[in-house]
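For reference, run_22.txt is printed below; it contains compact mmCIF, C-alpha atoms.
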# COMPACT_ATOMS: atom_id res chain seq x y z
CA ARG N 1 0.00 0.00 0.00
CA ILE N 2 2.84 2.40 0.82
CA GLN N 3 4.51 1.69 -2.53
CA ILE N 4 1.21 2.30 -4.38
CA LEU N 5 0.78 5.60 -2.51
CA PHE N 6 4.30 6.69 -3.48
CA GLU N 7 3.58 5.87 -7.15
CA GLN N 8 0.31 7.80 -7.07
CA MET N 9 1.95 10.83 -5.47
CA SER N 10 4.79 10.67 -7.98
CA LEU N 11 2.22 10.80 -10.82
CA LEU N 12 0.50 13.69 -9.07
CA TYR N 13 3.77 15.64 -8.81
CA LYS N 14 4.60 14.92 -12.45
CA GLU N 15 1.19 16.21 -13.53
CA CYS N 16 1.70 19.36 -11.44
CA ALA N 17 5.11 19.86 -13.05
CA ARG N 18 3.58 19.45 -16.52
CA ILE N 19 0.95 22.11 -15.80
CA ILE N 20 3.58 24.50 -14.42
CA ASP N 21 5.60 24.12 -17.64
CA LEU N 22 2.49 24.91 -19.72
CA VAL N 23 1.68 27.97 -17.62
CA GLN N 24 5.25 29.25 -17.97
CA LYS N 25 4.99 28.88 -21.76
CA GLY N 26 1.70 30.79 -21.84
CA LYS N 27 -0.30 27.75 -22.94
CA GLY N 28 -3.12 28.39 -20.48
CA SER N 29 -4.04 29.51 -16.98
CA VAL N 30 -3.63 27.44 -13.84
CA LYS N 31 -7.40 27.22 -13.41
CA SER N 32 -8.20 26.03 -16.93
CA LEU N 33 -5.31 23.56 -17.09
CA CYS N 34 -6.16 22.06 -13.70
CA LEU N 35 -9.83 21.70 -14.66
CA ASN N 36 -8.81 19.80 -17.79
CA THR N 37 -6.30 17.50 -16.12
CA ARG N 38 -6.97 13.77 -16.25
CA ASN N 39 -5.81 13.38 -12.67
CA LYS N 40 -8.83 12.82 -10.43
CA ALA N 41 -7.37 14.88 -7.57
CA LYS N 42 -8.03 18.21 -9.31
CA THR N 43 -8.20 20.18 -6.06
CA LYS N 44 -4.81 18.85 -4.91
CA VAL N 45 -3.30 19.55 -8.32
CA TYR N 46 -4.54 23.14 -8.26
CA ALA N 47 -3.31 23.74 -4.70
CA ILE N 48 0.18 22.39 -5.41
CA VAL N 49 0.54 24.19 -8.76
CA PHE N 50 -0.71 27.54 -7.44
CA ASN N 51 1.47 27.49 -4.33
CA THR N 52 4.55 26.29 -6.22
CA LEU N 53 4.16 29.20 -8.66
CA LYS N 54 3.45 31.56 -5.78
CA ASN N 55 6.83 30.66 -4.24
CA TYR N 56 8.60 30.11 -7.56
CA LYS N 57 11.30 32.78 -7.09
CA THR N 58 12.18 31.47 -3.64
CA LEU N 59 12.36 27.88 -4.91
CA GLN N 60 14.55 28.94 -7.84
CA LYS N 61 16.94 30.69 -5.47
CA ILE N 62 17.10 27.68 -3.13
CA ALA N 63 17.77 25.25 -6.00
CA GLY N 64 20.49 27.51 -7.41
CA GLU N 65 22.28 27.91 -4.07
CA ALA N 66 22.06 24.16 -3.39
CA GLN N 67 23.41 23.44 -6.91
CA LEU N 68 20.41 21.32 -7.87
CA GLU N 69 19.37 20.86 -11.48
CA GLN N 70 16.33 23.10 -11.86
CA SER N 71 13.06 21.71 -13.18
CA SER N 72 9.37 22.11 -12.45
CA PHE N 73 9.29 18.63 -10.90
CA LEU N 74 12.11 19.63 -8.52
CA PHE N 75 10.26 22.83 -7.55
CA VAL N 76 7.09 20.86 -6.79
CA CYS N 77 9.06 18.48 -4.56
CA LEU N 78 10.85 21.37 -2.86
CA TYR N 79 7.54 23.09 -2.15
CA GLU N 80 6.06 19.93 -0.65
CA LEU N 81 9.11 19.32 1.54
CA LEU N 82 9.81 22.87 2.71
CA TYR N 83 6.32 24.39 2.89
CA ARG N 84 4.13 21.38 3.66
CA GLY N 85 6.65 19.38 5.67
CA SER N 86 6.44 16.06 3.80
CA LEU N 87 7.48 14.63 0.47
CA LYS N 88 5.27 11.73 -0.60
CA THR N 89 7.35 10.28 -3.42
CA GLY N 90 10.25 7.88 -3.64
CA GLY N 91 13.31 7.66 -5.81
CA SER N 92 16.52 9.60 -6.11
CA VAL N 93 14.86 13.04 -5.86
CA LYS N 94 13.52 12.31 -2.40
CA ALA N 95 16.81 10.83 -1.25
CA THR N 96 18.79 13.86 -2.46
CA LEU N 97 16.43 16.40 -0.90
CA LEU N 98 16.33 14.58 2.45
CA GLN N 99 20.14 14.54 2.54
CA LEU N 100 20.16 18.31 2.03
CA HIS N 101 17.16 18.94 4.28
CA ASP N 102 18.88 21.11 6.90
CA THR N 103 20.66 23.19 4.25
CA LEU N 104 17.44 23.66 2.27
CA VAL N 105 15.54 24.83 5.37
CA LYS N 106 18.27 27.42 6.11
CA LEU N 107 18.13 28.65 2.51
CA LYS N 108 14.34 28.92 2.68
CA ASN N 109 14.50 31.00 5.86
CA GLU N 110 17.15 33.21 4.26
CA TYR N 111 15.43 33.89 0.94
CA HIS N 112 11.72 33.57 1.66
CA GLU N 113 11.13 37.19 2.71
CA GLU N 114 13.35 38.52 -0.07
CA CYS N 115 11.69 36.55 -2.88
CA ALA N 116 8.21 35.92 -1.48
CA PHE N 117 5.13 36.72 -3.55
CA LYS N 118 3.84 40.02 -2.22
CA ARG N 119 0.11 40.66 -2.41
CA PRO N 120 -1.15 44.24 -2.54
CA PRO N 121 -3.47 45.53 0.19
CA LEU N 122 -7.13 44.59 0.08
CA TYR N 123 -9.45 47.51 -0.69
CA LEU N 124 -13.08 47.88 0.35
CA ARG N 125 -15.18 50.63 -1.22
CA ILE N 126 -18.12 51.82 0.90
CA ASN N 127 -21.21 51.41 -1.27
CA THR N 128 -23.06 54.73 -0.98
CA LEU N 129 -25.93 53.22 -3.00
CA LYS N 130 -26.88 51.36 0.19
CA THR N 131 -25.48 53.70 2.82
CA SER N 132 -25.57 57.41 3.52
CA SER N 133 -22.97 59.75 2.10
CA GLN N 134 -21.28 59.81 5.53
CA PRO N 135 -19.06 56.72 5.93
CA SER N 136 -18.47 57.15 9.65
CA GLY N 137 -21.20 54.67 10.65
CA VAL N 138 -19.83 51.97 8.34
CA VAL N 139 -16.29 52.59 9.58
CA ARG N 140 -17.40 52.16 13.21
CA GLU N 141 -19.21 48.93 12.30
CA LEU N 142 -16.09 47.60 10.54
CA GLU N 143 -14.00 48.39 13.63
CA LEU N 144 -16.42 46.35 15.74
CA THR N 145 -16.83 43.39 13.38
CA LEU N 146 -13.13 43.16 12.43
CA PRO N 147 -11.38 43.46 15.82
CA GLY N 148 -7.61 43.75 15.63
CA VAL N 149 -7.64 44.68 11.92
CA THR N 150 -6.01 48.02 11.13
CA PHE N 151 -7.33 49.90 8.11
CA THR N 152 -7.05 53.42 6.70
CA GLY N 153 -8.82 55.66 4.20
CA ASP N 154 -7.36 56.08 0.72
CA PRO N 155 -6.02 59.57 -0.18
CA HIS N 156 -7.11 59.42 -3.84
CA VAL N 157 -10.55 57.73 -3.90
CA ASN N 158 -13.43 58.79 -1.65
CA PHE N 159 -15.06 56.06 0.48
CA LEU N 160 -12.21 53.61 -0.25
CA LEU N 161 -10.63 51.79 2.71
CA ARG N 162 -7.31 49.95 2.70
CA PHE N 163 -6.94 46.67 4.62
CA PRO N 164 -4.14 44.10 5.09
CA PRO N 165 -4.09 41.56 2.22
CA ASP N 166 -5.11 38.64 4.45
CA THR N 167 -8.27 40.31 5.82
CA ASN N 168 -11.27 37.95 5.85
CA PHE N 169 -14.59 39.65 5.03
CA SER N 170 -16.63 36.44 4.72
CA THR N 171 -18.48 37.00 8.00
CA CYS N 172 -18.49 40.81 7.92
CA PRO N 173 -22.08 42.20 7.70
CA VAL N 174 -20.94 45.29 5.76
CA TYR N 175 -19.60 43.08 2.99
CA ARG N 176 -22.29 40.39 3.09
CA GLU N 177 -25.14 42.93 2.93
CA GLY N 178 -23.63 44.80 -0.01
CA ARG N 179 -22.75 47.95 1.90
CA GLY N 180 -19.10 47.39 1.05
CA ILE N 181 -17.57 46.22 -2.25
CA ILE N 182 -14.15 44.57 -2.49
CA GLN N 183 -12.54 46.51 -5.34
CA ASP N 184 -8.89 47.18 -6.06
CA LYS N 185 -7.85 50.82 -5.89
CA ALA N 186 -6.71 50.87 -9.53
CA SER N 187 -10.12 49.59 -10.60
CA CYS N 188 -11.74 52.61 -8.92
CA LEU N 189 -9.76 55.16 -10.90
CA PRO N 190 -11.68 54.97 -14.24
CA ALA N 191 -14.98 56.05 -12.67
CA VAL N 192 -13.23 58.80 -10.71
CA VAL N 193 -11.66 60.15 -13.92
CA LEU N 194 -14.83 59.81 -16.01
CA ALA N 195 -16.64 61.77 -13.24
CA PRO N 196 -20.17 61.83 -14.71
CA PRO N 197 -22.37 64.51 -13.11
CA ALA N 198 -25.71 63.59 -11.55
CA HIS N 199 -28.47 62.89 -14.10
CA SER N 200 -25.91 62.04 -16.83
CA VAL N 201 -26.39 59.26 -19.36
CA VAL N 202 -23.41 56.91 -19.27
CA LEU N 203 -22.46 53.69 -21.08
CA ASP N 204 -20.06 51.05 -19.77
CA ALA N 205 -18.94 49.14 -22.88
CA CYS N 206 -17.57 45.99 -21.21
CA ALA N 207 -19.37 46.03 -17.88
CA ALA N 208 -19.28 42.63 -16.13
CA PRO N 209 -18.84 41.88 -13.29
CA GLY N 210 -19.94 45.47 -12.63
CA ASN N 211 -17.65 47.01 -9.99
CA LYS N 212 -16.80 50.01 -12.17
CA THR N 213 -20.44 50.29 -13.30
CA LEU N 214 -21.63 50.36 -9.69
CA HIS N 215 -19.02 52.98 -8.86
CA LEU N 216 -20.38 55.15 -11.68
CA ALA N 217 -23.93 54.72 -10.34
CA ALA N 218 -22.74 55.74 -6.88
CA LEU N 219 -20.93 58.84 -8.18
CA MET N 220 -24.20 59.85 -9.88
CA ASN N 221 -26.15 59.31 -6.64
CA ASN N 222 -28.39 56.71 -8.33
CA THR N 223 -29.67 59.35 -10.79
CA GLY N 224 -29.52 59.52 -14.57
CA GLN N 225 -28.95 56.35 -16.57
CA VAL N 226 -26.05 53.91 -16.84
CA PHE N 227 -26.15 51.36 -19.67
CA ALA N 228 -24.10 48.31 -18.68
CA VAL N 229 -23.25 46.33 -21.83
CA GLU N 230 -22.01 42.74 -21.62
CA LYS N 231 -21.66 40.20 -24.43
CA ASP N 232 -21.08 36.95 -22.50
CA LEU N 233 -24.30 35.45 -21.11
CA HIS N 234 -22.75 34.00 -17.94
CA ARG N 235 -21.01 37.29 -17.09
CA TYR N 236 -24.18 39.21 -17.99
CA ARG N 237 -26.19 37.23 -15.44
CA ARG N 238 -23.52 37.85 -12.83
CA LEU N 239 -23.70 41.55 -13.69
CA GLN N 240 -27.48 41.53 -13.17
CA GLY N 241 -27.10 39.88 -9.78
CA ASN N 242 -24.52 42.42 -8.64
CA VAL N 243 -26.67 45.36 -9.78
CA THR N 244 -29.55 44.08 -7.66
CA HIS N 245 -27.46 43.06 -4.65
CA TYR N 246 -25.67 46.41 -4.39
CA GLY N 247 -28.81 48.54 -4.73
CA ALA N 248 -28.29 50.34 -8.06
CA ARG N 249 -31.53 51.71 -9.50
CA ASN N 250 -30.11 53.69 -12.41
CA ILE N 251 -28.32 50.82 -14.20
CA THR N 252 -29.84 49.21 -17.29
CA CYS N 253 -28.18 45.89 -18.17
CA VAL N 254 -27.79 45.23 -21.91
CA HIS N 255 -26.94 41.73 -23.13
CA ALA N 256 -25.23 42.62 -26.41
CA ASP N 257 -21.91 42.93 -28.20
CA PHE N 258 -20.80 46.54 -27.84
CA LEU N 259 -19.35 46.48 -31.36
CA GLN N 260 -22.82 45.62 -32.75
CA LEU N 261 -24.62 48.53 -31.07
CA ASP N 262 -25.90 51.40 -33.21
CA PRO N 263 -24.46 54.63 -31.71
CA LYS N 264 -27.40 56.63 -33.10
CA GLU N 265 -29.78 54.66 -30.89
CA TYR N 266 -27.72 55.89 -27.93
CA HIS N 267 -27.78 59.52 -29.04
CA HIS N 268 -28.21 60.71 -25.45
CA VAL N 269 -25.04 59.02 -24.07
CA THR N 270 -22.43 61.62 -23.12
CA HIS N 271 -19.92 59.59 -21.07
CA LEU N 272 -18.44 56.18 -21.93
CA LEU N 273 -16.19 53.84 -19.96
CA VAL N 274 -14.15 51.40 -22.06
CA ASP N 275 -12.37 48.64 -20.12
CA PRO N 276 -12.01 45.88 -22.75
CA SER N 277 -10.54 42.39 -22.51
CA CYS N 278 -6.78 42.49 -22.03
CA SER N 279 -3.86 40.24 -21.14
CA GLY N 280 -4.33 40.93 -17.42
CA SER N 281 -0.57 41.19 -17.03
CA GLY N 282 -1.01 43.78 -14.29
CA MET N 283 -3.17 41.55 -12.08
CA VAL N 284 -0.89 40.38 -9.29
CA THR N 285 -2.49 36.95 -8.81
CA GLN N 286 -2.86 36.45 -12.56
CA ARG N 287 0.87 37.02 -12.98
CA VAL N 288 1.28 33.92 -10.82
CA THR N 289 -1.44 31.77 -12.38
CA HIS N 290 -1.23 32.69 -16.09
CA GLY N 291 2.46 33.11 -16.90
CA ASP N 292 3.59 35.32 -19.77
CA THR N 293 1.07 36.16 -22.50
CA PRO N 294 2.30 35.12 -25.98
CA PRO N 295 3.09 38.07 -28.31
CA ALA N 296 0.50 36.89 -30.85
CA ARG N 297 -2.19 37.02 -28.18
CA ILE N 298 -1.16 40.55 -27.14
CA ALA N 299 -1.27 41.71 -30.77
CA ALA N 300 -4.77 40.25 -31.24
CA LEU N 301 -5.99 41.91 -28.04
CA ALA N 302 -4.51 45.26 -29.07
CA ASN N 303 -6.36 45.14 -32.41
CA LEU N 304 -9.62 44.43 -30.60
CA GLN N 305 -8.98 47.24 -28.10
CA VAL N 306 -8.37 49.75 -30.92
CA THR N 307 -11.64 48.69 -32.58
CA ILE N 308 -13.65 49.04 -29.35
CA LEU N 309 -12.14 52.43 -28.50
CA ARG N 310 -12.84 53.74 -32.02
CA LYS N 311 -16.45 52.62 -31.64
CA ALA N 312 -16.79 54.44 -28.30
CA LEU N 313 -15.50 57.69 -29.80
CA SER N 314 -18.08 57.42 -32.60
CA PHE N 315 -21.10 57.90 -30.30
CA PRO N 316 -22.69 61.12 -31.53
CA SER N 317 -23.16 62.94 -28.21
CA ALA N 318 -20.15 61.54 -26.40
CA THR N 319 -18.04 64.25 -24.81
CA ARG N 320 -15.87 62.21 -22.45
CA VAL N 321 -14.47 58.65 -22.83
CA VAL N 322 -12.15 56.82 -20.42
CA TYR N 323 -10.08 53.90 -21.72
CA SER N 324 -8.46 51.54 -19.21
CA THR N 325 -6.80 48.13 -18.96
CA CYS N 326 -5.22 45.99 -16.25
CA SER N 327 -2.24 45.35 -18.54
CA LEU N 328 1.39 46.43 -18.27
CA HIS N 329 2.12 46.08 -22.01
CA GLU N 330 2.60 49.24 -24.08
CA ASP N 331 0.96 47.49 -27.04
CA GLU N 332 -2.34 47.39 -25.13
CA ASN N 333 -1.96 50.83 -23.59
CA GLU N 334 0.00 53.74 -25.06
CA HIS N 335 0.13 52.27 -28.57
CA VAL N 336 -3.66 51.79 -28.62
CA VAL N 337 -4.20 55.41 -27.54
CA ARG N 338 -1.67 56.67 -30.10
CA LYS N 339 -3.27 54.78 -33.01
CA VAL N 340 -6.75 56.03 -32.19
CA LEU N 341 -5.64 59.65 -31.71
CA GLU N 342 -3.88 59.61 -35.08
CA GLU N 343 -7.16 58.72 -36.79
CA GLU N 344 -9.35 61.26 -34.98
CA LYS N 345 -7.88 64.31 -36.76
CA GLY N 346 -8.26 66.66 -33.82
CA GLU N 347 -11.86 65.95 -32.87
CA TRP N 348 -10.73 64.24 -29.67
CA ARG N 349 -7.84 65.16 -27.39
CA LEU N 350 -6.31 63.67 -24.27
CA GLU N 351 -6.97 65.28 -20.90
CA ARG N 352 -4.36 64.97 -18.17
CA ALA N 353 -6.05 62.41 -15.94
CA LEU N 354 -5.51 62.60 -12.17
CA PRO N 355 -3.08 65.56 -12.35
CA ASP N 356 -1.56 64.79 -8.95
CA TRP N 357 -0.87 61.11 -9.73
CA HIS N 358 2.89 60.59 -9.90
CA ARG N 359 3.15 57.66 -12.35
CA ARG N 360 2.37 58.58 -15.96
CA GLY N 361 2.33 56.93 -19.38
CA HIS N 362 5.66 56.05 -20.96
CA PRO N 363 6.93 59.31 -22.57
CA ASP N 364 8.86 57.62 -25.41
CA THR N 365 5.71 56.09 -26.93
CA PHE N 366 4.04 59.27 -28.24
CA GLU N 367 3.78 62.98 -27.50
CA GLY N 368 1.24 63.50 -24.75
CA ALA N 369 1.65 60.06 -23.14
CA ASN N 370 2.32 61.85 -19.85
CA LYS N 371 -1.40 62.69 -19.75
CA CYS N 372 -2.12 58.98 -19.23
CA VAL N 373 -1.96 57.22 -15.85
CA ARG N 374 -0.14 54.03 -14.89
CA CYS N 375 -0.19 51.98 -11.69
CA CYS N 376 2.74 49.78 -10.68
CA PRO N 377 1.96 46.77 -8.44
CA GLU N 378 5.18 46.96 -6.44
CA ALA N 379 5.37 50.73 -5.97
CA ASP N 380 1.71 51.78 -5.82
CA GLN N 381 0.37 48.77 -3.88
CA THR N 382 -2.37 48.11 -6.41
CA ASN N 383 -2.76 45.88 -9.41
CA GLY N 384 -0.98 47.09 -12.54
CA PHE N 385 -3.23 49.45 -14.49
CA PHE N 386 -3.37 51.96 -17.35
CA LEU N 387 -5.86 54.76 -17.99
CA ALA N 388 -6.40 57.49 -20.59
CA CYS N 389 -9.14 60.13 -20.73
CA PHE N 390 -10.43 61.38 -24.11
CA VAL N 391 -12.33 64.69 -24.31
CA ARG N 392 -14.21 65.84 -27.38
CA ASP N 393 -13.21 69.26 -28.67
CA LEU N 394 -16.54 71.00 -29.44
CA LYS N 395 -15.14 74.52 -29.94
CA GLY N 396 -16.65 76.16 -32.99
CA THR N 397 -18.67 73.07 -33.96
CA GLU N 398 -22.33 72.22 -33.66
CA HIS N 399 -23.44 69.65 -31.15
CA PRO N 400 -23.00 66.27 -32.89
CA MET N 401 -26.67 65.30 -32.40
CA LYS N 402 -29.10 68.18 -32.62
CA GLU N 403 -32.22 66.14 -33.27
CA LYS N 404 -33.30 62.95 -31.59
CA PRO N 405 -34.24 60.01 -33.83
CA ARG N 406 -37.89 59.20 -34.17
CA PHE N 407 -39.52 56.64 -31.89
CA LYS N 408 -39.55 53.32 -33.74
CA PHE N 409 -42.80 51.36 -33.62
CA HIS N 410 -41.19 47.90 -33.95
CA ASN N 411 -39.18 48.59 -30.79
CA ILE N 412 -42.39 49.20 -28.84
CA LEU N 413 -43.73 45.83 -29.99
CA SER N 414 -40.49 44.07 -29.08
CA VAL N 415 -40.46 45.50 -25.56
CA TYR N 416 -44.16 44.65 -25.07
CA HIS N 417 -43.77 41.07 -26.33
CA VAL N 418 -40.72 40.25 -24.20
CA SER N 419 -42.15 41.91 -21.09
CA GLN N 420 -45.40 39.93 -21.39
CA ARG N 421 -43.55 36.64 -21.85
CA TYR N 422 -40.91 36.98 -19.13
CA LYS N 423 -42.69 39.42 -16.77
CA ILE N 424 -39.68 41.75 -16.75
CA LYS N 425 -39.93 45.36 -15.63
CA TYR N 426 -38.62 47.50 -18.50
CA HIS N 427 -37.35 51.03 -18.70
CA TYR N 428 -39.61 52.84 -21.21
CA LYS N 429 -37.95 56.24 -21.37
CA TYR N 430 -35.85 55.30 -24.42
CA PRO N 431 -37.02 53.01 -27.25
CA TYR N 432 -34.56 50.12 -27.31
CA LYS N 433 -35.33 46.49 -27.92
CA PHE N 434 -33.50 44.62 -25.23
CA HIS N 435 -32.75 47.06 -22.43
CA HIS N 436 -34.09 46.29 -19.00
CA ARG N 437 -33.15 46.84 -15.43
CA GLY N 438 -30.94 44.25 -13.78
CA PHE N 439 -32.84 41.84 -11.57

Can you turn what I pasted into structure tokens?
Amino acid sequence: RIQILFEQMSLLYKECARIIDLVQKGKGSVKSLCLNTRNKAKTKVYAIVFNTLKNYKTLQKIAGEAQLEQSSFLFVCLYELLYRGSLKTGGSVKATLLQLHDTLVKLKNEYHEECAFKRPPLYLRINTLKTSSQPSGVVRELELTLPGVTFTGDPHVNFLLRFPPDTNFSTCPVYREGRGIIQDKASCLPAVVLAPPAHSVVLDACAAPGNKTLHLAALMNNTGQVFAVEKDLHRYRRLQGNVTHYGARNITCVHADFLQLDPKEYHHVTHLLVDPSCSGSGMVTQRVTHGDTPPARIAALANLQVTILRKALSFPSATRVVYSTCSLHEDENEHVVRKVLEEEKGEWRLERALPDWHRRGHPDTFEGANKCVRCCPEADQTNGFFLACFVRDLKGTEHPMKEKPRFKFHNILSVYHVSQRYKIKYHYKYPYKFHHRGF
């Protein structure tokens, strides 16, 4: 039985090493590769792979100092021995590591702090859609329900609190009741920069799961109208659930591809938020679980981002558009902004976003890149992020949409038919086929 166990664990370690190699080559994420593994112990595989990658730099340093031949299989065994306290496999690898056990432990203690994976702080945004504009009551409740946890207010984003990265909100009433939203600081910046006034009409082009959309609704004090567009059905349903849970009454969820929308049907939209799909290279945990994004993938994403941003700038009454990504790559950030600006022929210009923010766009990419904003995970204690704010230059020109389009009769029939069939409460102010409030 012991020999069988050793053989099974050896196969488990080999499968973990195979997945780590694929992640490092950009062949998939930890989650997707572990879900597709043939090994029945998927949970164990995921835990070992994730934690080995999390401590990868430390394990590399230990193996180098101990003059061991580096491989993913060795790193898996080192993690099991040094971090979990047991190595359930036989053979020469186990014998070698046990001989060097005391040396390896000393090396781990020496290099762990230096090379350890450092998580940014955890941020909680007070949800003013469900609370008053004064956060003092929520702060007092958090102090009572999270004893011993030290937290502070953020200097750049109102109602944003900063907590230690290991804070557990699972039993906290503020979080469970939707009066607080876990949202990274960098993710809050697009809504702050877009800054739609109360009673504005706003469109979020790639909305799910909805944290930025909800922030927009809060900044508008639940007035006006926010169209939250999402193409993927599963993410759209999650968006609907979040809109309801967090108490937003001015958000209309739209299950559609943003690129297929007719801008003329949204003639009243003045502010747009564009946060399209990206490589996610700035996400701290994703940098552990996804490895490096292949150049071909980055190029494809950049082309899509340019197309989406062009579409946003084509909305007839748009006066302000914020473009953002959680990527560190210039190809998805400054180069996208540069390409779009070159085609706009002066109709749109960049505004210097967050003037007091110290980290700007890379100046060697194009003139005016310093008007963009960047966040660095290590220095700014957030996820990596990029942001640019486009402002329409309306000087000496007529308003792009003087007259509103006529009310279309077939849209009335579509809304009536769907509402009768599914008993959905619709928003009738504007004549669109598939717009309804999240529920």

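Relative to CA of His267 in chain N, CA of Ser317 in chain N is found at 5.8 Å.
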
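Closest approach to Asp356 in chain N among N:Val284, N:Pro155, N:Ser72, N:Pro120: N:Pro155, based on only C-alpha atoms.
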
Neighbour list for Pro295 in chain N as a ChimeraX atom specification, cut-off 12 Å, only C-alpha atoms, skip fewer than 6 positions in-chain:
/N:25-26,279,301-302,329-332

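Distances to Gln134 in chain N were evaluated for N:Glu351, N:Asn242, N:Asn158, N:Phe169 using only C-alpha atoms, and the minimum falls at N:Asn158.
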
For Leu74 in chain N, please output as a VMD selection string all residues within 12 Å (counting only C-alpha atoms; exclusion window: fewer than 5 positions along the same chain).
chain N and resid 10 13 to 14 16 to 18 20 52 56 59 to 60 62 to 64 68 to 69 79 to 82 87 89 92 to 94 96 to 97

Among the residues N:Ser324, N:Ser277, N:Ser71, N:Thr58, the one that comes closest to Gln24 in chain N [using only C-alpha atoms]:
N:Ser71

Identify which of the residues N:Cys326, N:Leu129, N:Leu122, N:Leu35 lies closest to Thr150 in chain N, counting only C-alpha atoms when measuring atom-to-atom distances.
N:Leu122

Å distance separating CA of Leu273 in chain N from CA of Asp204 in chain N, one decimal place
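Interatomic distance, CA of Leu273 in chain N to CA of Asp204 in chain N: 4.8 Å.
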
Would you list the contacts of Leu259 in chain N as an MDAnalysis selection string, taking every protein, DNA or RNA residue within 10 Å and counting all atoms listed in the file, but skipping same-chain residues closer than 6 positions in sequence?
chainID N and resid 205 231 304 307:312

So how many Å separate CA of Ile181 in chain N and CA of Val138 in chain N, to one decimal?
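Going from CA of Ile181 in chain N over to CA of Val138 in chain N covers 12.3 Å.
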
Hey, which of N:Cys172, N:Ala41, N:Leu216, N:Leu104 ends up closest to Leu272 in chain N? Count all atoms listed in the file.
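Smallest separation from Leu272 in chain N among the options: N:Leu216.
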
Need the shell around Pro263 in chain N: protein/DNA/RNA residues with any atom at most 8 Å away, counting all atoms listed in the file. Skip same-chain ones fewer than 4 positions apart. Format as a list of chain:residue names?
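My list of contacting residues is N:His267, N:Ser314, N:Phe315, N:Pro316.
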
Do you know which residues are at most 9 Å from Glu15 in chain N counting only C-alpha atoms, after dropping those on the same chain fewer than 5 positions away, and could you put them as JSON, numbers by chain?
{"N": [10, 20, 37, 38, 39, 45, 73]}

Measuring atom to atom with all atoms listed in the file, identify which of N:Ile19, N:Ala353, N:Val274, N:Val192 is nearest to Gly368 in chain N.
N:Ala353

Starting from the incomplete input, reconstruct N, CA and C atoms of range 163-176 of chain N and write that as an mmCIF file, keeping the file's coordinate frame.
data_model
loop_
_atom_site.group_PDB
_atom_site.id
_atom_site.type_symbol
_atom_site.label_atom_id
_atom_site.label_comp_id
_atom_site.auth_asym_id
_atom_site.auth_seq_id
_atom_site.Cartn_x
_atom_site.Cartn_y
_atom_site.Cartn_z
ATOM 1 N N PHE N 163 -7.071 47.699 3.589
ATOM 2 C CA PHE N 163 -6.940 46.670 4.620
ATOM 3 C C PHE N 163 -5.704 45.805 4.335
ATOM 4 N N PRO N 164 -5.209 45.081 5.336
ATOM 5 C CA PRO N 164 -4.140 44.100 5.090
ATOM 6 C C PRO N 164 -4.608 43.043 4.090
ATOM 7 N N PRO N 165 -3.688 42.483 3.296
ATOM 8 C CA PRO N 165 -4.090 41.560 2.220
ATOM 9 C C PRO N 165 -4.739 40.274 2.691
ATOM 10 N N ASP N 166 -4.535 39.884 3.948
ATOM 11 C CA ASP N 166 -5.110 38.640 4.450
ATOM 12 C C ASP N 166 -6.420 38.847 5.216
ATOM 13 N N THR N 167 -7.018 40.034 5.114
ATOM 14 C CA THR N 167 -8.270 40.310 5.820
ATOM 15 C C THR N 167 -9.389 39.421 5.292
ATOM 16 N N ASN N 168 -10.160 38.847 6.212
ATOM 17 C CA ASN N 168 -11.270 37.950 5.850
ATOM 18 C C ASN N 168 -12.592 38.675 6.066
ATOM 19 N N PHE N 169 -13.305 38.941 4.953
ATOM 20 C CA PHE N 169 -14.590 39.650 5.030
ATOM 21 C C PHE N 169 -15.789 38.701 4.983
ATOM 22 N N SER N 170 -15.548 37.402 4.982
ATOM 23 C CA SER N 170 -16.630 36.440 4.720
ATOM 24 C C SER N 170 -17.754 36.518 5.746
ATOM 25 N N THR N 171 -17.443 36.906 6.980
ATOM 26 C CA THR N 171 -18.480 37.000 8.000
ATOM 27 C C THR N 171 -18.826 38.446 8.359
ATOM 28 N N CYS N 172 -18.282 39.394 7.617
ATOM 29 C CA CYS N 172 -18.490 40.810 7.920
ATOM 30 C C CYS N 172 -19.833 41.267 7.352
ATOM 31 N N PRO N 173 -20.761 41.770 8.192
ATOM 32 C CA PRO N 173 -22.080 42.200 7.700
ATOM 33 C C PRO N 173 -22.011 43.290 6.633
ATOM 34 N N VAL N 174 -21.058 44.202 6.748
ATOM 35 C CA VAL N 174 -20.940 45.290 5.760
ATOM 36 C C VAL N 174 -20.723 44.713 4.367
ATOM 37 N N TYR N 175 -19.872 43.707 4.284
ATOM 38 C CA TYR N 175 -19.600 43.080 2.990
ATOM 39 C C TYR N 175 -20.752 42.181 2.547
ATOM 40 N N ARG N 176 -21.247 41.354 3.445
ATOM 41 C CA ARG N 176 -22.290 40.390 3.090
ATOM 42 C C ARG N 176 -23.593 41.082 2.670
#
